[in-house]
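**Student:** Below you will find the structure I want to go over with you.
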Amino acid sequence: MYTIEVNNTKSRKQFLNFPVKLYADDKNWIQPLNQDIEKVFDPEKNKLFKRGGKAIRWILFDGNDQIIGRIAAFVNPKYEGKEAVGGIGFFECINDQTSADYLFNQAKEWLQDQGMETMDGPINFGERDQWWGLLVEGFHEPLYNMNYNFPYYIELFENYGFKTYFNQECFSLPITQKLQPKLHDRHEAIAKDKDFRAEYISMKNLDKYVADFVNIYNKAWASHGGGKTLSISQGKQIFKSMKPVIDPKIVWFVYYKNEPVAFWVNLPDLNQYFKHLNGKFGLFHKLKFLWNKTFNKSKRVIGIVFGVVPEWQGKGVDNFMMIEGQKVITQLSYTDYEMQWIGDFNPKMINVAKSLGAELSRKLRTYRYHFDTSKAVERHRKV
């Protein structure tokens with residue numbers, strides 16, 4: 001058993017193609033786009049490299065020179081944690097603890113050489129909205145850029161010594177589900193005030209909505225995530241990346257006296273298109289994507305991000321926005337709604353999901369492993 005570092009065209013292809021063989025008989029697995037994975041490790045495309053971040057990948061071979069696993073390790077200087085915390089991700093392995101331990105140890109040794117004392121995984125070398133957490137419940141088709149794995153991965157992680165840092169819960173409900181009466185009562189109370197209005201975006205005026213999004217985001221998250229705020233240029237980049245797949249009628253804003261106070265950003269589930277592309281996105285695949293996007297529309301809406309400015313939180317503005325939105329969205333071709341994961345450290349948002357009548361659709365888990373195994377793993381702080 002031995003590993004090689006991914007550092008050339010051949011090893012990159014091997015890293016990308018190993019899961020294709022591993023999941024060949026799993027009807028629920030959807031092959032990610034190769035370019036989505038490769039950009040994580042591209043210093044020209046991942047800004048974390050310019051900020052002092054480091055990443056490395058390995059492939060694991062057995063004694064017969066057959067690939068039996070892969071893993072990545074990374075150091076993100078912006079990552080949270082009291083101790084020096086590194087990360088592992090993109091883990092795939094046969095059902096063999098010895099093989100998994102070999103990969104985990106490989107990552108551990110490299111992270112120790114980088115001065116790390118702890119490793120979290122599986123996580124992304126980037127934002128939490130992609131490739132974050134191990135699937136532990138809900139083994140059905142994954143959402144776009146969401147991890148999917150076999151159930152036996154849970155044992156591989158926990159037998160090695162990983163402990164739960166936080167759980168990531170996804171909730172879903174039918175688009176047409178009638179919401180609870182109390183939510184309609186709150187909606188009606190807001191609707192009576194003519195200073196409020198809810199609207200979906202216009203692509204002709206996208207810059208206005210970008211500015212409104214940044215305004216709301218910075219107010220709603222000013223005290224969350226270490227004071228992280230967005231600039232207008234960052235907001236433009238976010239919407240630019242979404243523009244090819246935005247359905248304007250599922251992206252909503254609320255205004256009070258023409259001031260933006262809430263947003264609800266949703267996208268079609270892109271995996272319903274990408275599952276037909278076998279991980280590739282060349283010219284032919286782009287044409288195939290556009291054909292499916294036009295004539296074989298995704299039936300699932302994915303909740304990406306939701307925010308209300310502090311002065312209007314808990315006053316029914318969210319109910320007003322969702323019910324106004326539901327009136328329009330139910331007239332479209334969508335049948336199901338699923339929210340991107342919510343950490344169990346955010347009970348307020350979990351209660352919002354449950355108040356809608358949504359049910360748990362899948363659960364992922366972020367694990368933590370202290371190299372000093374005598375140190376207890378504390379759960380993620382509540383927000």
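Naming works like this for the structure tokens: A, B, ... for the chains as they're shown, residue 1 at the start of each chain, ligands 1 onward in shown order.
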Residues of range 169-204 of chain A within 10 Å of range 292-301 of chain A: nearest atom pair and distance (Å, one decimal) for each, counting only C-alpha atoms, sorted by chain and number, as a tab-separated table?

**Tutor:**
residue	atom	partner	partner_atom	distance
A:Ser172	CA	A:Val301	CA	9.7
A:Pro174	CA	A:Arg300	CA	9.2
A:Ile175	CA	A:Val301	CA	8.5

**Student:** Can you list, as a count of residues only, every protein, DNA or RNA residue that comes within 8 Å of range 4-18 of chain A when you count only C-alpha atoms, leaving out same-chain residues fewer than 4 positions away?

**Tutor:** 11

**Student:** Could I get the residues of range 183-231 of chain A with an atom no further than 10 Å from an atom of range 263-267 of chain A, each paired with its nearest atom pair and that distance in Å to one decimal, using only C-alpha atoms, sorted by chain and residue number, as a Markdown table?

**Tutor:**
| residue | atom | partner | partner_atom | distance |
| --- | --- | --- | --- | --- |
| A:Ala198 | CA | A:Phe263 | CA | 9.3 |
| A:Glu199 | CA | A:Phe263 | CA | 9.7 |
| A:Tyr200 | CA | A:Trp264 | CA | 9.3 |
| A:Ile201 | CA | A:Val265 | CA | 10.0 |
| A:Tyr209 | CA | A:Phe263 | CA | 9.6 |
| A:Asp212 | CA | A:Phe263 | CA | 8.6 |
| A:Phe213 | CA | A:Phe263 | CA | 6.9 |
| A:Ile216 | CA | A:Phe263 | CA | 7.4 |
| A:Tyr217 | CA | A:Phe263 | CA | 8.6 |

**Student:** Please report the interatomic distance between CA of Leu173 in chain A and CA of Ala358 in chain A in Å with one decimal.

**Tutor:**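 Distance between the two atoms: 4.9 Å.
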
**Student:** For range 335-352 of chain A, find every residue with an atom within 9 Å (counting only C-alpha atoms), except residues of its own chain fewer than 6 positions away, and show them as a PDB file with C-alpha atoms, in the first residue's frame.

**Tutor:**
ATOM      1  CA  ASP A 129     -21.510  26.054   0.513  1.00  0.00           C
ATOM      2  CA  LEU A 143     -27.560  18.559  -4.550  1.00  0.00           C
ATOM      3  CA  PHE A 166     -21.413  19.884  14.118  1.00  0.00           C
ATOM      4  CA  ASN A 167     -24.239  18.380  12.098  1.00  0.00           C
ATOM      5  CA  GLN A 168     -25.581  19.948   8.918  1.00  0.00           C
ATOM      6  CA  GLU A 169     -29.310  19.526   8.399  1.00  0.00           C
ATOM      7  CA  CYS A 170     -31.231  19.892   5.129  1.00  0.00           C
ATOM      8  CA  PHE A 171     -35.009  20.287   5.038  1.00  0.00           C
ATOM      9  CA  SER A 172     -37.457  19.855   2.181  1.00  0.00           C
ATOM     10  CA  LEU A 173     -41.148  20.243   1.415  1.00  0.00           C
ATOM     11  CA  PRO A 174     -43.432  20.211  -1.643  1.00  0.00           C
ATOM     12  CA  ILE A 175     -43.673  23.558  -3.424  1.00  0.00           C
ATOM     13  CA  THR A 176     -47.462  23.491  -3.075  1.00  0.00           C
ATOM     14  CA  ASN A 266     -33.045  30.205  -4.671  1.00  0.00           C
ATOM     15  CA  LYS A 299     -38.226  20.092 -10.711  1.00  0.00           C
ATOM     16  CA  ARG A 300     -36.397  21.039  -7.524  1.00  0.00           C
ATOM     17  CA  VAL A 301     -35.723  24.515  -6.125  1.00  0.00           C
ATOM     18  CA  ILE A 302     -32.735  24.850  -3.812  1.00  0.00           C
ATOM     19  CA  GLY A 303     -32.727  27.478  -1.070  1.00  0.00           C
ATOM     20  CA  ILE A 304     -29.281  29.066  -1.200  1.00  0.00           C
ATOM     21  CA  VAL A 305     -29.390  31.935   1.289  1.00  0.00           C
ATOM     22  CA  ALA A 358     -40.391  21.092   6.207  1.00  0.00           C
ATOM     23  CA  SER A 361     -34.274  15.396   3.992  1.00  0.00           C
ATOM     24  CA  ARG A 362     -30.607  14.671   4.646  1.00  0.00           C
ATOM     25  CA  LYS A 363     -27.920  15.223   7.229  1.00  0.00           C
ATOM     26  CA  LEU A 364     -24.200  15.756   6.815  1.00  0.00           C
ATOM     27  CA  ARG A 379     -19.115  21.174  19.678  1.00  0.00           C
ATOM     28  CA  HIS A 380     -19.384  24.240  17.443  1.00  0.00           C
ATOM     29  CA  ARG A 381     -20.610  27.275  19.409  1.00  0.00           C
ATOM     30  CA  LYS A 382     -24.252  28.276  18.982  1.00  0.00           C
ATOM     31  CA  VAL A 383     -25.160  31.373  17.002  1.00  0.00           C
TER      32      VAL A 383
END

**Student:** DSSP on the backbone, alpha helix (DSSP H) only: what residues of range 49-159 of chain A does that give? Format it as an mmCIF file with N, CA and C atoms, in the first residue's frame.

**Tutor:**
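For reference, selection.cif as written:
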data_model
loop_
_atom_site.group_PDB
_atom_site.id
_atom_site.type_symbol
_atom_site.label_atom_id
_atom_site.label_comp_id
_atom_site.auth_asym_id
_atom_site.auth_seq_id
_atom_site.Cartn_x
_atom_site.Cartn_y
_atom_site.Cartn_z
ATOM 1 N N GLN A 97 -10.839 -0.343 6.648
ATOM 2 C CA GLN A 97 -10.361 0.603 7.651
ATOM 3 C C GLN A 97 -8.863 0.852 7.530
ATOM 4 N N THR A 98 -8.098 -0.179 7.206
ATOM 5 C CA THR A 98 -6.644 -0.011 7.081
ATOM 6 C C THR A 98 -6.311 0.988 5.981
ATOM 7 N N SER A 99 -7.048 0.911 4.873
ATOM 8 C CA SER A 99 -6.821 1.844 3.768
ATOM 9 C C SER A 99 -7.207 3.262 4.173
ATOM 10 N N ALA A 100 -8.347 3.387 4.847
ATOM 11 C CA ALA A 100 -8.784 4.708 5.297
ATOM 12 C C ALA A 100 -7.787 5.302 6.280
ATOM 13 N N ASP A 101 -7.318 4.486 7.224
ATOM 14 C CA ASP A 101 -6.353 4.970 8.215
ATOM 15 C C ASP A 101 -5.066 5.443 7.541
ATOM 16 N N TYR A 102 -4.664 4.739 6.495
ATOM 17 C CA TYR A 102 -3.449 5.124 5.759
ATOM 18 C C TYR A 102 -3.614 6.533 5.187
ATOM 19 N N LEU A 103 -4.788 6.790 4.604
ATOM 20 C CA LEU A 103 -5.059 8.113 4.040
ATOM 21 C C LEU A 103 -5.143 9.181 5.125
ATOM 22 N N PHE A 104 -5.862 8.886 6.206
ATOM 23 C CA PHE A 104 -5.980 9.853 7.298
ATOM 24 C C PHE A 104 -4.607 10.177 7.895
ATOM 25 N N ASN A 105 -3.776 9.156 8.063
ATOM 26 C CA ASN A 105 -2.442 9.373 8.625
ATOM 27 C C ASN A 105 -1.572 10.199 7.683
ATOM 28 N N GLN A 106 -1.716 9.956 6.384
ATOM 29 C CA GLN A 106 -0.965 10.735 5.396
ATOM 30 C C GLN A 106 -1.297 12.221 5.539
ATOM 31 N N ALA A 107 -2.600 12.509 5.642
ATOM 32 C CA ALA A 107 -3.037 13.896 5.793
ATOM 33 C C ALA A 107 -2.582 14.470 7.134
ATOM 34 N N LYS A 108 -2.709 13.678 8.183
ATOM 35 C CA LYS A 108 -2.325 14.126 9.525
ATOM 36 C C LYS A 108 -0.849 14.523 9.562
ATOM 37 N N GLU A 109 0.013 13.703 9.006
ATOM 38 C CA GLU A 109 1.453 13.980 9.045
ATOM 39 C C GLU A 109 1.780 15.268 8.291
ATOM 40 N N TRP A 110 1.126 15.458 7.143
ATOM 41 C CA TRP A 110 1.375 16.684 6.371
ATOM 42 C C TRP A 110 0.886 17.904 7.138
ATOM 43 N N LEU A 111 -0.299 17.795 7.747
ATOM 44 C CA LEU A 111 -0.841 18.922 8.513
ATOM 45 C C LEU A 111 0.031 19.244 9.733
ATOM 46 N N GLN A 112 0.560 18.214 10.378
ATOM 47 C CA GLN A 112 1.469 18.445 11.504
ATOM 48 C C GLN A 112 2.720 19.187 11.037
ATOM 49 N N ASP A 113 3.205 18.842 9.851
ATOM 50 C CA ASP A 113 4.373 19.534 9.297
ATOM 51 C C ASP A 113 4.069 21.010 9.018
ATOM 52 N N TYR A 153 -18.671 5.034 5.192
ATOM 53 C CA TYR A 153 -17.694 6.092 5.474
ATOM 54 C C TYR A 153 -17.807 6.576 6.924
ATOM 55 N N ILE A 154 -19.009 6.498 7.483
ATOM 56 C CA ILE A 154 -19.199 6.934 8.869
ATOM 57 C C ILE A 154 -18.288 6.137 9.793
ATOM 58 N N GLU A 155 -18.268 4.836 9.615
ATOM 59 C CA GLU A 155 -17.412 3.988 10.445
ATOM 60 C C GLU A 155 -15.936 4.261 10.181
ATOM 61 N N LEU A 156 -15.580 4.500 8.920
ATOM 62 C CA LEU A 156 -14.175 4.765 8.609
ATOM 63 C C LEU A 156 -13.683 5.997 9.366
ATOM 64 N N PHE A 157 -14.503 7.043 9.418
ATOM 65 C CA PHE A 157 -14.118 8.261 10.136
ATOM 66 C C PHE A 157 -14.120 8.040 11.644
ATOM 67 N N GLU A 158 -15.196 7.463 12.156
ATOM 68 C CA GLU A 158 -15.336 7.368 13.612
ATOM 69 C C GLU A 158 -14.405 6.314 14.207
ATOM 70 N N ASN A 159 -14.124 5.257 13.486
ATOM 71 C CA ASN A 159 -13.164 4.262 13.983
ATOM 72 C C ASN A 159 -11.763 4.841 14.063
#

**Student:** I need the strand (DSSP E) residues of range 92-275 of chain A per DSSP on the backbone, written as a ChimeraX atom specification.

**Tutor:** /A:92-93,118-121,134-137,163-174,196-200,251-256,259-268

**Student:** Which residues are close to range 72-88 of chain A, i.e. within 7 Å by only C-alpha atoms, leaving aside same-chain residues fewer than 4 positions away? Reply as a VMD selection string.

**Tutor:** chain A and resid 48 52 to 58 107 111 116 to 123 125

**Student:** Restricting the calculation to only C-alpha atoms, which member of A:Lys327, A:Arg51, A:Lys219, A:Ala211 is positioned closest to Ile238 in chain A?

**Tutor:**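 With only C-alpha atoms as the atom set, the closest residue is A:Ala211.
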
**Student:** Fewer than 2 positions away in the same chain doesn't count, so skip those; otherwise give me all residues within 12 Å of Pro244 in chain A, counting only C-alpha atoms, as number ranges by chain.

**Tutor:** A: 203, 238-242, 246-248, 267-268, 270, 286, 289-290, 293

**Student:** Interatomic distance between CA of Tyr334 in chain A and CA of Asn319 in chain A?

**Tutor:**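 Distance between the two atoms: 20.1 Å.
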
**Student:** Rounded to one decimal place, report the CA of Phe253 in chain A-CA of Arg197 in chain A distance in Å.

**Tutor:**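 So the two atoms, CA of Phe253 in chain A and CA of Arg197 in chain A, lie 8.4 Å apart.
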
**Student:** Nearest to Lys249 in chain A: which of A:Ala24, A:Val328, A:Val377, A:Val136 is it, counting only C-alpha atoms?

**Tutor:**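 The shortest atom-to-atom distance to Lys249 in chain A comes from A:Val328.
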
**Student:** Counting only C-alpha atoms, figure out which residue out of A:Glu359, A:Asp42, A:Asp36, A:Glu92 gets nearest to Val20 in chain A.

**Tutor:**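 Distance minimum relative to Val20 in chain A lands on A:Glu92.
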